[in-house]
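For reference, entry-v5.txt is printed below; it contains compact mmCIF, C-alpha atoms and all ligand atoms.
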# COMPACT_ATOMS: atom_id res chain seq x y z
CA MET A 1451 -7.21 46.76 -65.01
CA SER A 1452 -6.57 44.84 -68.20
CA ILE A 1453 -3.48 43.27 -69.70
CA ALA A 1454 -1.56 45.61 -71.99
CA ARG A 1455 2.01 44.31 -71.79
CA LEU A 1456 4.05 41.33 -70.63
CA ALA A 1457 4.72 42.75 -67.15
CA ASP A 1458 0.97 42.78 -66.45
CA LEU A 1459 1.05 38.99 -66.46
CA ALA A 1460 2.80 39.07 -63.09
CA ASN A 1461 0.14 41.33 -61.62
CA ALA A 1462 -2.51 39.67 -59.50
CA THR A 1463 -5.00 42.46 -60.27
CA SER A 1464 -4.74 42.38 -64.07
CA ALA A 1465 -4.09 38.62 -64.30
CA PRO A 1466 -5.41 36.79 -61.23
CA ARG A 1467 -5.49 33.48 -63.07
CA LEU A 1468 -2.87 32.19 -65.53
CA VAL A 1469 -2.40 29.14 -67.71
CA PHE A 1470 1.22 28.04 -68.19
CA LYS A 1471 1.69 25.74 -71.18
CA VAL A 1472 4.91 23.76 -71.26
CA GLY A 1473 5.93 21.84 -74.37
CA SER A 1474 7.69 18.49 -74.71
CA ALA A 1475 10.94 19.97 -76.00
CA LEU A 1476 11.35 21.99 -72.80
CA LEU A 1477 10.42 19.19 -70.44
CA VAL A 1478 12.22 16.28 -71.99
CA GLY A 1479 15.93 16.25 -72.70
CA PRO A 1480 18.14 14.06 -74.84
CA GLY A 1481 17.61 10.35 -74.30
CA GLY A 1482 14.04 10.99 -73.22
CA ARG A 1483 14.97 12.05 -69.70
CA PRO A 1484 12.97 14.74 -67.94
CA ARG A 1485 14.76 18.08 -67.52
CA ARG A 1486 14.25 18.17 -63.76
CA GLU A 1487 16.38 21.17 -63.00
CA TRP A 1488 14.68 23.34 -65.58
CA LEU A 1489 11.26 22.20 -64.41
CA ALA A 1490 12.19 22.89 -60.79
CA GLY A 1491 12.95 26.47 -61.85
CA LEU A 1492 9.61 26.84 -63.58
CA VAL A 1493 7.78 25.37 -60.61
CA GLY A 1494 9.58 27.99 -58.49
CA GLU A 1495 8.00 30.62 -60.75
CA ILE A 1496 4.58 29.05 -60.22
CA ALA A 1497 5.17 29.23 -56.47
CA ALA A 1498 6.18 32.89 -56.86
CA ALA A 1499 3.01 33.62 -58.82
CA ARG A 1500 0.96 31.96 -56.10
CA ALA A 1501 2.74 34.06 -53.48
CA ARG A 1502 1.75 37.18 -55.45
CA GLY A 1503 -1.86 36.08 -55.22
CA GLN A 1504 -2.16 34.56 -58.70
CA GLN A 1505 -3.61 31.14 -59.46
CA VAL A 1506 -1.90 28.95 -62.05
CA ILE A 1507 -3.22 26.12 -64.21
CA VAL A 1508 -0.54 24.08 -65.96
CA VAL A 1509 -0.96 22.45 -69.37
CA SER A 1510 1.94 20.05 -69.70
CA SER A 1511 3.09 18.01 -72.66
CA GLY A 1512 5.81 15.42 -72.47
CA ALA A 1513 3.90 12.19 -71.90
CA ILE A 1514 4.58 10.81 -75.38
CA ALA A 1515 8.26 11.78 -75.39
CA LEU A 1516 8.87 10.34 -71.90
CA GLY A 1517 6.93 7.15 -72.55
CA ALA A 1518 8.56 6.55 -75.93
CA ALA A 1519 11.99 6.57 -74.33
CA ARG A 1520 10.85 4.17 -71.65
CA LEU A 1521 9.31 1.76 -74.18
CA GLY A 1522 12.11 2.19 -76.71
CA LEU A 1523 9.75 3.34 -79.46
CA ALA A 1524 11.13 4.94 -82.62
CA LYS A 1525 10.48 8.54 -83.72
CA GLY A 1526 9.84 9.67 -80.18
CA GLY A 1527 6.64 7.63 -80.10
CA ARG A 1528 5.13 9.61 -82.96
CA GLY A 1529 5.62 6.97 -85.65
CA SER A 1530 1.97 5.87 -85.46
CA LEU A 1531 -1.14 6.66 -83.46
CA ALA A 1532 -0.86 3.33 -81.63
CA ASP A 1533 2.71 4.16 -80.60
CA ALA A 1534 1.69 7.63 -79.39
CA GLN A 1535 -1.20 6.18 -77.39
CA ALA A 1536 1.00 3.55 -75.76
CA ALA A 1537 3.82 6.00 -75.09
CA ALA A 1538 1.43 8.51 -73.51
CA ALA A 1539 0.01 5.85 -71.19
CA VAL A 1540 3.48 5.10 -69.86
CA GLY A 1541 4.85 8.65 -69.89
CA GLN A 1542 1.88 10.31 -68.23
CA ILE A 1543 2.55 8.50 -64.95
CA GLY A 1544 6.08 9.83 -64.77
CA LEU A 1545 5.02 13.27 -65.94
CA ALA A 1546 2.33 13.65 -63.31
CA GLY A 1547 4.67 12.29 -60.65
CA LEU A 1548 7.30 14.84 -61.59
CA TRP A 1549 4.92 17.78 -61.33
CA SER A 1550 3.49 16.47 -58.11
CA GLU A 1551 6.92 16.03 -56.55
CA LEU A 1552 8.32 19.40 -57.64
CA LEU A 1553 5.19 21.37 -56.73
CA GLY A 1554 5.24 19.54 -53.41
CA VAL A 1555 8.64 21.06 -52.63
CA HIS A 1556 6.81 24.42 -52.40
CA GLY A 1557 3.94 22.98 -50.43
CA LEU A 1558 1.70 23.04 -53.51
CA THR A 1559 -0.64 20.20 -54.42
CA ALA A 1560 -0.78 19.00 -58.02
CA ALA A 1561 -4.07 17.76 -59.49
CA GLN A 1562 -4.07 15.79 -62.73
CA LEU A 1563 -6.76 16.23 -65.39
CA LEU A 1564 -6.59 14.36 -68.70
CA LEU A 1565 -8.98 15.85 -71.23
CA THR A 1566 -10.07 14.90 -74.72
CA LEU A 1567 -11.25 17.29 -77.39
CA GLU A 1568 -14.81 16.06 -76.87
CA ASP A 1569 -14.67 16.95 -73.19
CA LEU A 1570 -14.42 20.59 -74.21
CA GLU A 1571 -16.53 20.53 -77.41
CA ASP A 1572 -19.63 19.17 -75.74
CA ARG A 1573 -21.25 21.96 -73.74
CA ARG A 1574 -22.31 19.77 -70.82
CA ARG A 1575 -18.93 18.10 -70.49
CA TYR A 1576 -17.22 21.47 -70.88
CA LEU A 1577 -19.21 22.88 -67.97
CA ASN A 1578 -18.34 19.80 -65.96
CA ALA A 1579 -14.60 20.26 -66.62
CA ALA A 1580 -14.97 23.98 -65.83
CA ALA A 1581 -16.61 23.16 -62.50
CA THR A 1582 -13.85 20.71 -61.58
CA LEU A 1583 -11.16 23.27 -62.42
CA GLY A 1584 -12.94 25.92 -60.38
CA ARG A 1585 -13.22 23.63 -57.38
CA LEU A 1586 -9.57 22.58 -57.57
CA LEU A 1587 -8.36 26.17 -57.74
CA LYS A 1588 -10.58 27.18 -54.86
CA ALA A 1589 -9.16 24.32 -52.84
CA GLY A 1590 -5.65 25.62 -53.55
CA ALA A 1591 -4.45 22.89 -55.92
CA VAL A 1592 -2.45 23.43 -59.11
CA PRO A 1593 -4.26 21.62 -61.94
CA VAL A 1594 -1.81 19.92 -64.31
CA ILE A 1595 -3.58 19.11 -67.55
CA ASN A 1596 -2.69 17.10 -70.63
CA GLU A 1597 -4.64 15.69 -73.49
CA ASN A 1598 -5.77 12.13 -72.83
CA ASP A 1599 -3.63 10.87 -75.68
CA SER A 1600 -4.08 7.19 -74.86
CA VAL A 1601 -7.76 7.23 -75.76
CA ALA A 1602 -7.88 10.12 -78.24
CA THR A 1603 -7.96 8.95 -81.85
CA ALA A 1604 -6.63 10.93 -84.79
CA GLU A 1605 -9.99 12.48 -85.70
CA ILE A 1606 -10.92 13.56 -82.23
CA ARG A 1607 -7.73 14.91 -80.84
CA PHE A 1608 -6.30 18.35 -80.37
CA GLY A 1609 -2.91 16.87 -81.18
CA ASP A 1610 -1.18 19.97 -79.86
CA ASN A 1611 -1.34 21.38 -76.39
CA ASP A 1612 -1.36 24.99 -77.59
CA ARG A 1613 -5.04 24.94 -78.51
CA LEU A 1614 -5.78 22.73 -75.53
CA ALA A 1615 -4.22 25.42 -73.33
CA ALA A 1616 -6.44 28.13 -74.85
CA ARG A 1617 -9.56 26.02 -74.36
CA VAL A 1618 -8.53 25.18 -70.81
CA ALA A 1619 -8.05 28.91 -70.17
CA GLN A 1620 -11.65 29.46 -71.25
CA ALA A 1621 -12.96 26.61 -69.14
CA GLY A 1622 -10.86 27.69 -66.18
CA GLY A 1623 -11.81 31.37 -66.42
CA ALA A 1624 -8.15 32.40 -66.86
CA ASP A 1625 -7.08 35.93 -67.78
CA ALA A 1626 -3.99 34.95 -69.73
CA VAL A 1627 -2.17 32.01 -71.27
CA VAL A 1628 1.61 31.82 -71.39
CA LEU A 1629 2.97 29.48 -74.07
CA PHE A 1630 6.58 28.61 -73.26
CA SER A 1631 8.27 28.06 -76.59
CA ASP A 1632 11.74 27.55 -78.01
CA VAL A 1633 11.62 30.94 -79.73
CA ASP A 1634 11.26 34.45 -78.29
CA GLY A 1635 7.82 35.00 -79.79
CA LEU A 1636 6.30 35.79 -83.17
CA TYR A 1637 8.55 37.37 -85.77
CA ASP A 1638 7.33 39.35 -88.75
CA ARG A 1639 9.06 36.81 -91.01
CA ASN A 1640 11.16 33.65 -90.74
CA PRO A 1641 13.32 34.34 -87.67
CA ALA A 1642 16.32 32.91 -89.51
CA GLU A 1643 16.27 35.96 -91.81
CA PRO A 1644 18.58 38.75 -90.64
CA ASP A 1645 15.96 41.52 -90.71
CA ALA A 1646 13.33 39.54 -88.79
CA GLN A 1647 11.70 41.61 -86.06
CA LEU A 1648 10.06 40.25 -82.93
CA LEU A 1649 6.50 41.56 -82.57
CA PRO A 1650 5.88 42.66 -78.96
CA PHE A 1651 2.11 42.98 -79.50
CA VAL A 1652 -0.47 41.55 -81.81
CA GLU A 1653 -3.97 42.94 -81.85
CA GLY A 1654 -6.11 40.48 -83.76
CA VAL A 1655 -4.76 37.41 -85.55
CA THR A 1656 -5.30 38.65 -89.09
CA GLU A 1657 -4.35 36.92 -92.32
CA ALA A 1658 -1.19 39.02 -92.39
CA VAL A 1659 -0.26 37.64 -88.96
CA HIS A 1660 -0.88 34.08 -90.12
CA ALA A 1661 1.36 34.71 -93.11
CA MET A 1662 4.25 35.52 -90.74
CA ALA A 1663 4.16 32.09 -89.12
CA SER A 1664 5.39 28.84 -90.56
CA GLY A 1665 3.84 25.49 -89.68
CA ALA A 1666 6.99 23.64 -88.76
CA SER A 1667 7.66 22.78 -85.12
CA SER A 1668 11.32 23.57 -84.71
CA SER A 1669 12.09 21.02 -82.01
CA GLY A 1670 10.65 18.03 -83.86
CA MET A 1671 9.52 16.71 -80.47
CA GLY A 1672 6.22 18.43 -79.84
CA SER A 1673 3.56 18.92 -82.46
CA GLY A 1674 2.88 22.62 -82.09
CA GLY A 1675 4.81 25.08 -84.24
CA MET A 1676 3.76 28.67 -84.70
CA THR A 1677 0.60 27.77 -86.61
CA SER A 1678 -0.99 26.02 -83.65
CA LYS A 1679 0.13 28.88 -81.40
CA LEU A 1680 -1.74 31.34 -83.59
CA GLN A 1681 -4.81 29.11 -83.52
CA ALA A 1682 -4.53 29.14 -79.75
CA ALA A 1683 -4.24 32.93 -79.83
CA GLU A 1684 -7.43 33.13 -81.89
CA ILE A 1685 -9.34 30.97 -79.43
CA ALA A 1686 -8.06 33.07 -76.53
CA GLU A 1687 -8.78 36.35 -78.28
CA ARG A 1688 -12.40 35.39 -78.96
CA ALA A 1689 -12.80 34.66 -75.27
CA GLY A 1690 -11.23 37.94 -74.14
CA ILE A 1691 -8.11 36.17 -72.85
CA ALA A 1692 -4.58 37.48 -73.43
CA LEU A 1693 -1.99 35.03 -74.76
CA ALA A 1694 1.75 35.40 -74.62
CA ILE A 1695 4.49 33.46 -76.39
CA VAL A 1696 7.77 33.60 -74.50
CA ASN A 1697 11.06 31.77 -74.74
CA GLY A 1698 11.04 28.88 -72.30
CA THR A 1699 14.53 27.58 -72.96
CA HIS A 1700 16.20 29.61 -70.19
CA SER A 1701 16.02 28.86 -66.51
CA ARG A 1702 13.21 30.76 -64.77
CA PRO A 1703 11.85 31.78 -68.19
CA PHE A 1704 8.76 33.68 -67.01
CA ALA A 1705 10.64 36.16 -64.84
CA ARG A 1706 13.29 36.51 -67.52
CA ALA A 1707 10.81 37.25 -70.32
CA LEU A 1708 9.04 39.85 -68.18
CA ALA A 1709 12.25 41.48 -66.97
CA ASN A 1710 13.60 41.76 -70.53
CA ASP A 1711 10.18 42.55 -71.95
CA THR A 1712 10.84 39.92 -74.61
CA GLY A 1713 7.94 37.96 -76.01
CA THR A 1714 4.76 38.46 -78.02
CA VAL A 1715 1.49 39.34 -76.32
CA PHE A 1716 -1.74 38.77 -78.21
CA LEU A 1717 -4.09 41.30 -76.73
CA PRO A 1718 -7.71 40.29 -76.35
CA THR A 1719 -9.88 42.36 -78.65
CA ARG A 1720 -13.32 41.43 -77.40
CA LYS A 1721 -15.20 39.93 -74.55
CA ASP A 1722 -17.98 37.65 -75.66
CA GLY A 1723 -20.20 36.10 -73.04
CA ALA A 1724 -19.02 32.75 -71.67
CA ARG A 1725 -21.32 30.72 -73.89
CA LYS A 1726 -20.33 32.53 -77.08
CA ALA A 1727 -16.67 32.27 -76.17
CA TRP A 1728 -17.09 28.50 -75.83
CA LEU A 1729 -18.88 28.37 -79.17
CA GLY A 1730 -16.18 30.46 -80.86
CA GLY A 1731 -13.49 28.14 -79.53
CA ARG A 1732 -15.10 24.97 -80.78
CA GLN A 1733 -12.68 23.10 -82.99
CA ARG A 1734 -14.90 20.72 -84.91
CA MET A 1735 -17.82 21.67 -87.12
CA ASN A 1736 -20.33 19.12 -88.41
CA GLY A 1737 -20.90 20.94 -91.67
CA ALA A 1738 -20.67 24.29 -93.43
CA LEU A 1739 -22.90 26.89 -95.04
CA VAL A 1740 -21.64 29.03 -97.90
CA VAL A 1741 -23.31 32.45 -97.96
CA ASP A 1742 -23.52 35.31 -100.45
CA ALA A 1743 -21.83 38.67 -99.96
CA GLY A 1744 -25.00 40.44 -98.75
CA CYS A 1745 -25.55 37.79 -96.13
CA ALA A 1746 -21.91 37.93 -94.95
CA LYS A 1747 -22.32 41.69 -94.54
CA ALA A 1748 -25.53 41.27 -92.54
CA LEU A 1749 -23.78 38.78 -90.24
CA ALA A 1750 -20.89 41.20 -89.69
CA LYS A 1751 -23.45 43.78 -88.54
CA GLY A 1752 -24.78 41.36 -85.93
CA GLY A 1753 -27.66 39.81 -87.85
CA SER A 1754 -28.89 36.22 -87.82
CA LEU A 1755 -28.19 33.91 -90.75
CA LEU A 1756 -31.29 33.68 -92.97
CA ALA A 1757 -31.96 30.99 -95.55
CA SER A 1758 -32.20 33.56 -98.36
CA GLY A 1759 -28.44 34.23 -98.24
CA ILE A 1760 -27.32 30.59 -98.27
CA LEU A 1761 -25.74 29.44 -101.53
CA SER A 1762 -24.82 25.88 -100.58
CA VAL A 1763 -24.80 23.37 -97.75
CA GLU A 1764 -21.83 21.11 -97.02
CA GLY A 1765 -21.86 17.93 -94.95
CA GLU A 1766 -24.69 16.23 -93.13
CA PHE A 1767 -25.72 17.57 -89.77
CA GLN A 1768 -28.63 17.71 -87.37
CA ARG A 1769 -30.49 20.61 -85.82
CA GLY A 1770 -28.34 22.00 -82.98
CA ASP A 1771 -25.03 20.93 -84.53
CA PRO A 1772 -22.14 23.38 -84.94
CA VAL A 1773 -21.58 24.61 -88.48
CA GLY A 1774 -18.99 26.85 -90.10
CA ILE A 1775 -20.16 29.77 -92.22
CA ARG A 1776 -18.01 30.81 -95.17
CA ASP A 1777 -18.27 33.38 -97.92
CA GLU A 1778 -18.04 32.52 -101.61
CA SER A 1779 -14.26 32.87 -101.64
CA GLY A 1780 -14.00 30.23 -98.90
CA LYS A 1781 -13.11 32.71 -96.15
CA PRO A 1782 -14.51 31.68 -92.73
CA VAL A 1783 -17.00 34.31 -91.58
CA ALA A 1784 -18.61 32.82 -88.48
CA GLN A 1785 -19.54 29.65 -86.69
CA GLY A 1786 -22.74 28.79 -84.91
CA LEU A 1787 -25.39 26.25 -84.06
CA ALA A 1788 -27.83 25.37 -86.85
CA GLU A 1789 -31.56 25.67 -86.21
CA TYR A 1790 -32.23 23.05 -88.90
CA GLY A 1791 -30.57 19.87 -90.10
CA SER A 1792 -28.65 19.94 -93.40
CA ALA A 1793 -31.45 18.28 -95.41
CA GLU A 1794 -33.97 20.95 -94.38
CA ILE A 1795 -31.52 23.77 -95.11
CA GLU A 1796 -30.96 22.25 -98.55
CA ARG A 1797 -34.72 22.55 -99.11
CA ILE A 1798 -35.09 26.17 -98.00
CA ARG A 1799 -31.76 27.73 -98.99
CA GLY A 1800 -32.15 30.80 -101.19
CA THR A 1801 -35.80 31.24 -100.19
CA ARG A 1802 -37.64 33.87 -98.15
CA SER A 1803 -39.45 32.96 -94.97
CA GLU A 1804 -42.95 33.40 -96.48
CA ASP A 1805 -42.18 30.55 -98.89
CA GLN A 1806 -40.65 28.22 -96.33
CA ARG A 1807 -43.78 26.85 -94.68
CA ALA A 1808 -44.77 25.11 -97.91
CA LEU A 1809 -41.25 23.73 -98.38
CA LEU A 1810 -40.88 22.49 -94.81
CA GLY A 1811 -44.44 21.50 -94.00
CA TYR A 1812 -44.34 23.50 -90.76
CA ALA A 1813 -43.87 27.11 -89.64
CA PRO A 1814 -40.26 28.13 -90.26
CA ARG A 1815 -37.94 29.17 -87.45
CA SER A 1816 -36.80 32.77 -87.34
CA ALA A 1817 -33.35 31.99 -88.77
CA VAL A 1818 -31.07 29.19 -89.92
CA VAL A 1819 -28.48 30.28 -87.36
CA HIS A 1820 -29.79 32.70 -84.77
CA ARG A 1821 -27.44 35.53 -83.83
CA ASP A 1822 -27.46 34.41 -80.19
CA GLN A 1823 -25.94 31.13 -81.37
CA LEU A 1824 -23.45 32.67 -83.75
CA VAL A 1825 -19.90 33.93 -83.33
CA LEU A 1826 -18.09 36.04 -85.92
CA LEU A 1827 -14.56 34.90 -86.75
N1 LIG B 1901 -0.07 15.65 -75.35
C1 LIG B 1901 1.22 15.37 -75.91
C2 LIG B 1901 2.16 14.80 -74.87
O1 LIG B 1901 1.92 14.88 -73.71
C3 LIG B 1901 1.88 16.59 -76.50
C4 LIG B 1901 1.09 17.40 -77.48
C5 LIG B 1901 1.96 18.52 -78.03
O2 LIG B 1901 3.01 18.24 -78.57
O3 LIG B 1901 1.58 19.70 -77.89
O4 LIG B 1901 3.19 14.27 -75.18

Let me see the structure of the file written as C-alpha cells.
Ligand code: GLU
Amino acid sequence: MSIARLADLANATSAPRLVFKVGSALLVGPGGRPRREWLAGLVGEIAAARARGQQVIVVSSGAIALGAARLGLAKGGRGSLADAQAAAAVGQIGLAGLWSELLGVHGLTAAQLLLTLEDLEDRRRYLNAAATLGRLLKAGAVPVINENDSVATAEIRFGDNDRLAARVAQAGGADAVVLFSDVDGLYDRNPAEPDAQLLPFVEGVTEAVHAMASGASSSGMGSGGMTSKLQAAEIAERAGIALAIVNGTHSRPFARALANDTGTVFLPTRKDGARKAWLGGRQRMNGALVVDAGCAKALAKGGSLLASGILSVEGEFQRGDPVGIRDESGKPVAQGLAEYGSAEIERIRGTRSEDQRALLGYAPRSAVVHRDQLVLL
C-alpha cells in the first residue's frame, strides 16, 4: 500500500516510518523562549503515531534561535557564521533537553544525532549514520536530529533543515517526511494573492512547480522558505519517499492537517535502488559536464555518458568524484560519479572510444559516467 493522500501518513501499513521536521519559528517563541506547550502537543502526536505502530524520526531546528537569546546575540544569531556556530553550541543543549524531557513524559527515549552535510555525502559515513538510525529505531528510541551547526562552515553546510530532513529520511529508510511549516502548503502563486490555490498534490517537482514558490522564509527565524522545501521534495521524490508540507502553527498540527485534509503531498514518482537514491540526493558536485542534445537524449533513455557527447568540462575533479551533467542551455540533466578525472575528460571529450587509447595512453573505460553510477534529474 503506497501513500496517495495526507491521511495515509497516519497509517502504519502505508507509512511505517516517518520523519517529522520542525522549524525554528514553531519551536521558539518571542524572546527566544521555547514554545513548550506547542511542543508538548506535537510530542503527543509522536506518541500517538508510535501507538499506531509507526516509527518517528525527528529533525529539529531551533538551536541557533535558542542559543542566540541565551547569549544575547543580535539578528537571532544569524548575523555571522561565528555567531551561528556559537549560538548553536549553546542552544543545542537546551533543545535536546527539551525533546528528551517531553518525549520522556510518554515513556519515549530521545536520542540525539548531530550531522554535517559531509556525513551524508560520503557514502561510507552515510551508511554509518544509516546503521545508527536503524539500531536506534529498533531499540525503540526517537532519534532527534539537527545539523551540527557549531562545526559546519558555510561551504559545507545544509543551512536548512528541510533538505537535511529529506536526506535523513533516505538514510533512515523512512516512507514519508512531514515538514511542519508556517503556511498550509504549496500554493499555485504567492499565497497573499486572493486567487491563490493550495495544491493538495504535486507529482514531480517540475520547473512550473518551482516557479510557484518564492525563496523568502516568512518567519525570518529559520532559513528554509519554500525553495528549500521544494529541494527537499526533489530529494525525497528521487528516493521514492513522499513528502508533505503542513501548517505547524496550530496545536496538534499533524492530526489537524490530516483531519482537514489540508496540506501539500509530494507523491514519490520513482523508486531507485538505495545507492542511486543516495547519489541522486547528493548536494555537492565536484565539477560539471556539459553535453550535446543527442547525448542528453541518450541519457534520458537510460544510456551511459560517453565522451563523444561532452562539449565542455567544468571544475577540477578526480576519478570517482560526483559531477553534475547539464545540457547546452544549462538545464541539469543528471548527476553521477565520473570514471575519469577532469583532466582526462578534457583530453577525450568529443572523441569516439577507438581514438581514446592514443589520447589516454591506456585502454579507455566503457563510459565517462556509467549508467549504474548515474541518476537522471
Ligand atoms: N540547524 C539550525 C538550528 O538548529 C536551523 C536550520 C534551519 O533553519 O532550517 O537552529

So which residues touch Leu1477 (chain A) within 8 Å, counting only C-alpha atoms, skipping near sequence neighbours fewer than 4 positions away, as a PDB file with C-alpha atoms, in the frame of the given file?
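Saved result, around.pdb, follows:
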ATOM      1  CA  VAL A1472       4.910  23.760 -71.260  1.00  0.00           C
ATOM      2  CA  GLY A1473       5.930  21.840 -74.370  1.00  0.00           C
ATOM      3  CA  PRO A1484      12.970  14.740 -67.940  1.00  0.00           C
ATOM      4  CA  ARG A1485      14.760  18.080 -67.520  1.00  0.00           C
ATOM      5  CA  ARG A1486      14.250  18.170 -63.760  1.00  0.00           C
ATOM      6  CA  TRP A1488      14.680  23.340 -65.580  1.00  0.00           C
ATOM      7  CA  LEU A1489      11.260  22.200 -64.410  1.00  0.00           C
ATOM      8  CA  SER A1511       3.090  18.010 -72.660  1.00  0.00           C
ATOM      9  CA  GLY A1512       5.810  15.420 -72.470  1.00  0.00           C
TER      10      GLY A1512
END

* Asked: Once you count only C-alpha atoms, which residues end up no further than 12 Å from (-7.1, 21.6, -67.1) in the file's frame, shown as a PyMOL selection string?
  -> chain A and resi 1468-1471+1506-1510+1560-1567+1569-1570+1576+1578-1587+1591-1598+1611+1614-1624

Can you write out as a Markdown table which residues of chain A fall within 9 Å of ligand LIG 1901 (chain B), alongside each residue's closest atom pair and its distance in Å to one decimal, counting all atoms listed in the file and ordering rows by chain and ascending residue number?
| residue | atom | partner | partner_atom | distance |
| --- | --- | --- | --- | --- |
| A:Val1472 | CA | B:LIG1901 | O3 | 8.5 |
| A:Gly1473 | CA | B:LIG1901 | O3 | 6.0 |
| A:Ser1474 | CA | B:LIG1901 | O2 | 6.1 |
| A:Ala1475 | CA | B:LIG1901 | O2 | 8.5 |
| A:Ser1510 | CA | B:LIG1901 | O1 | 6.5 |
| A:Ser1511 | CA | B:LIG1901 | O1 | 3.5 |
| A:Gly1512 | CA | B:LIG1901 | O4 | 3.9 |
| A:Ala1513 | CA | B:LIG1901 | O1 | 3.8 |
| A:Ile1514 | CA | B:LIG1901 | O4 | 3.7 |
| A:Ala1515 | CA | B:LIG1901 | O4 | 5.7 |
| A:Leu1516 | CA | B:LIG1901 | O4 | 7.6 |
| A:Gly1517 | CA | B:LIG1901 | O4 | 8.5 |
| A:Gly1527 | CA | B:LIG1901 | O4 | 9.0 |
| A:Ala1534 | CA | B:LIG1901 | O4 | 8.0 |
| A:Ala1537 | CA | B:LIG1901 | O4 | 8.3 |
| A:Ala1538 | CA | B:LIG1901 | O4 | 6.3 |
| A:Gly1541 | CA | B:LIG1901 | O1 | 7.9 |
| A:Gln1542 | CA | B:LIG1901 | O1 | 7.1 |
| A:Leu1545 | CA | B:LIG1901 | O1 | 8.5 |
| A:Asn1596 | CA | B:LIG1901 | N1 | 5.6 |
| A:Glu1597 | CA | B:LIG1901 | N1 | 4.9 |
| A:Asn1598 | CA | B:LIG1901 | N1 | 7.2 |
| A:Asp1599 | CA | B:LIG1901 | N1 | 6.0 |
| A:Phe1608 | CA | B:LIG1901 | C4 | 8.0 |
| A:Gly1609 | CA | B:LIG1901 | C4 | 5.5 |
| A:Asp1610 | CA | B:LIG1901 | O3 | 3.4 |
| A:Asn1611 | CA | B:LIG1901 | O3 | 3.7 |
| A:Asp1612 | CA | B:LIG1901 | O3 | 6.1 |
| A:Arg1613 | CA | B:LIG1901 | O3 | 8.5 |
| A:Leu1614 | CA | B:LIG1901 | O3 | 8.3 |
| A:Met1671 | CA | B:LIG1901 | O2 | 7.0 |
| A:Gly1672 | CA | B:LIG1901 | O2 | 3.5 |
| A:Ser1673 | CA | B:LIG1901 | O2 | 4.0 |
| A:Gly1674 | CA | B:LIG1901 | O3 | 5.3 |
| A:Gly1675 | CA | B:LIG1901 | O3 | 8.9 |
| A:Ser1678 | CA | B:LIG1901 | O3 | 8.9 |

* Structure fact -> Among A:Val1763, A:Gly1544, A:Gly1780, A:Val1741, Arg1520 (chain A) is approached most closely, using only C-alpha atoms, by A:Gly1544

Scan for residues within 8 Å of the point (2.5, 27.0, -51.2) in the coordinates of the file, using only C-alpha atoms, and reply as a compact mmCIF listing (two decimals) with C-alpha atoms, keeping the file's coordinate frame.
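Output saved as part.txt:
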# COMPACT_ATOMS: atom_id res chain seq x y z
CA ALA A 1497 5.17 29.23 -56.47
CA ARG A 1500 0.96 31.96 -56.10
CA ALA A 1501 2.74 34.06 -53.48
CA HIS A 1556 6.81 24.42 -52.40
CA GLY A 1557 3.94 22.98 -50.43
CA LEU A 1558 1.70 23.04 -53.51

* How many Å lie between CA of Ala1689 (chain A) and CA of Glu1766 (chain A), rounded to one decimal? ->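 Straight-line distance from CA of Ala1689 (chain A) to CA of Glu1766 (chain A) works out to 28.3 Å.
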
Once 5 Å is added on each side, what centre and edge lengths in Å to one decimal does the axis-aligned box around all listed atoms of region 1675-1678 of chain A have, as AutoDock Vina command-line options?
--center_x 1.9 --center_y 26.9 --center_z -85.1 --size_x 15.8 --size_y 13.6 --size_z 13.0

* To do: Within 6 Å of Ala1692 (chain A), counting all atoms listed in the file, which residues show up once you throw out same-chain ones fewer than 6 positions away? Write them as an NGL selection string, please.
  => :A and (1626 or 1716-1718)

C-alpha atoms of region 1673-1689 of chain A from block above, as a CSV table (one decimal), in the first residue's frame:
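Writing done, so here's out.csv:
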chain,number,residue,atom,x,y,z
A,1673,SER,CA,16.5,29.6,6.9
A,1674,GLY,CA,14.1,27.4,4.9
A,1675,GLY,CA,11.4,29.1,2.8
A,1676,MET,CA,9.5,27.3,0.1
A,1677,THR,CA,12.6,26.9,-2.2
A,1678,SER,CA,14.4,24.7,0.3
A,1679,LYS,CA,11.2,22.7,0.8
A,1680,LEU,CA,10.9,22.0,-2.9
A,1681,GLN,CA,14.6,20.9,-2.9
A,1682,ALA,CA,13.7,18.6,-0.1
A,1683,ALA,CA,10.8,17.3,-2.1
A,1684,GLU,CA,13.1,16.6,-5.0
A,1685,ILE,CA,15.5,14.6,-2.9
A,1686,ALA,CA,12.6,12.7,-1.4
A,1687,GLU,CA,11.0,12.0,-4.7
A,1688,ARG,CA,14.1,10.6,-6.2
A,1689,ALA,CA,14.3,8.2,-3.3
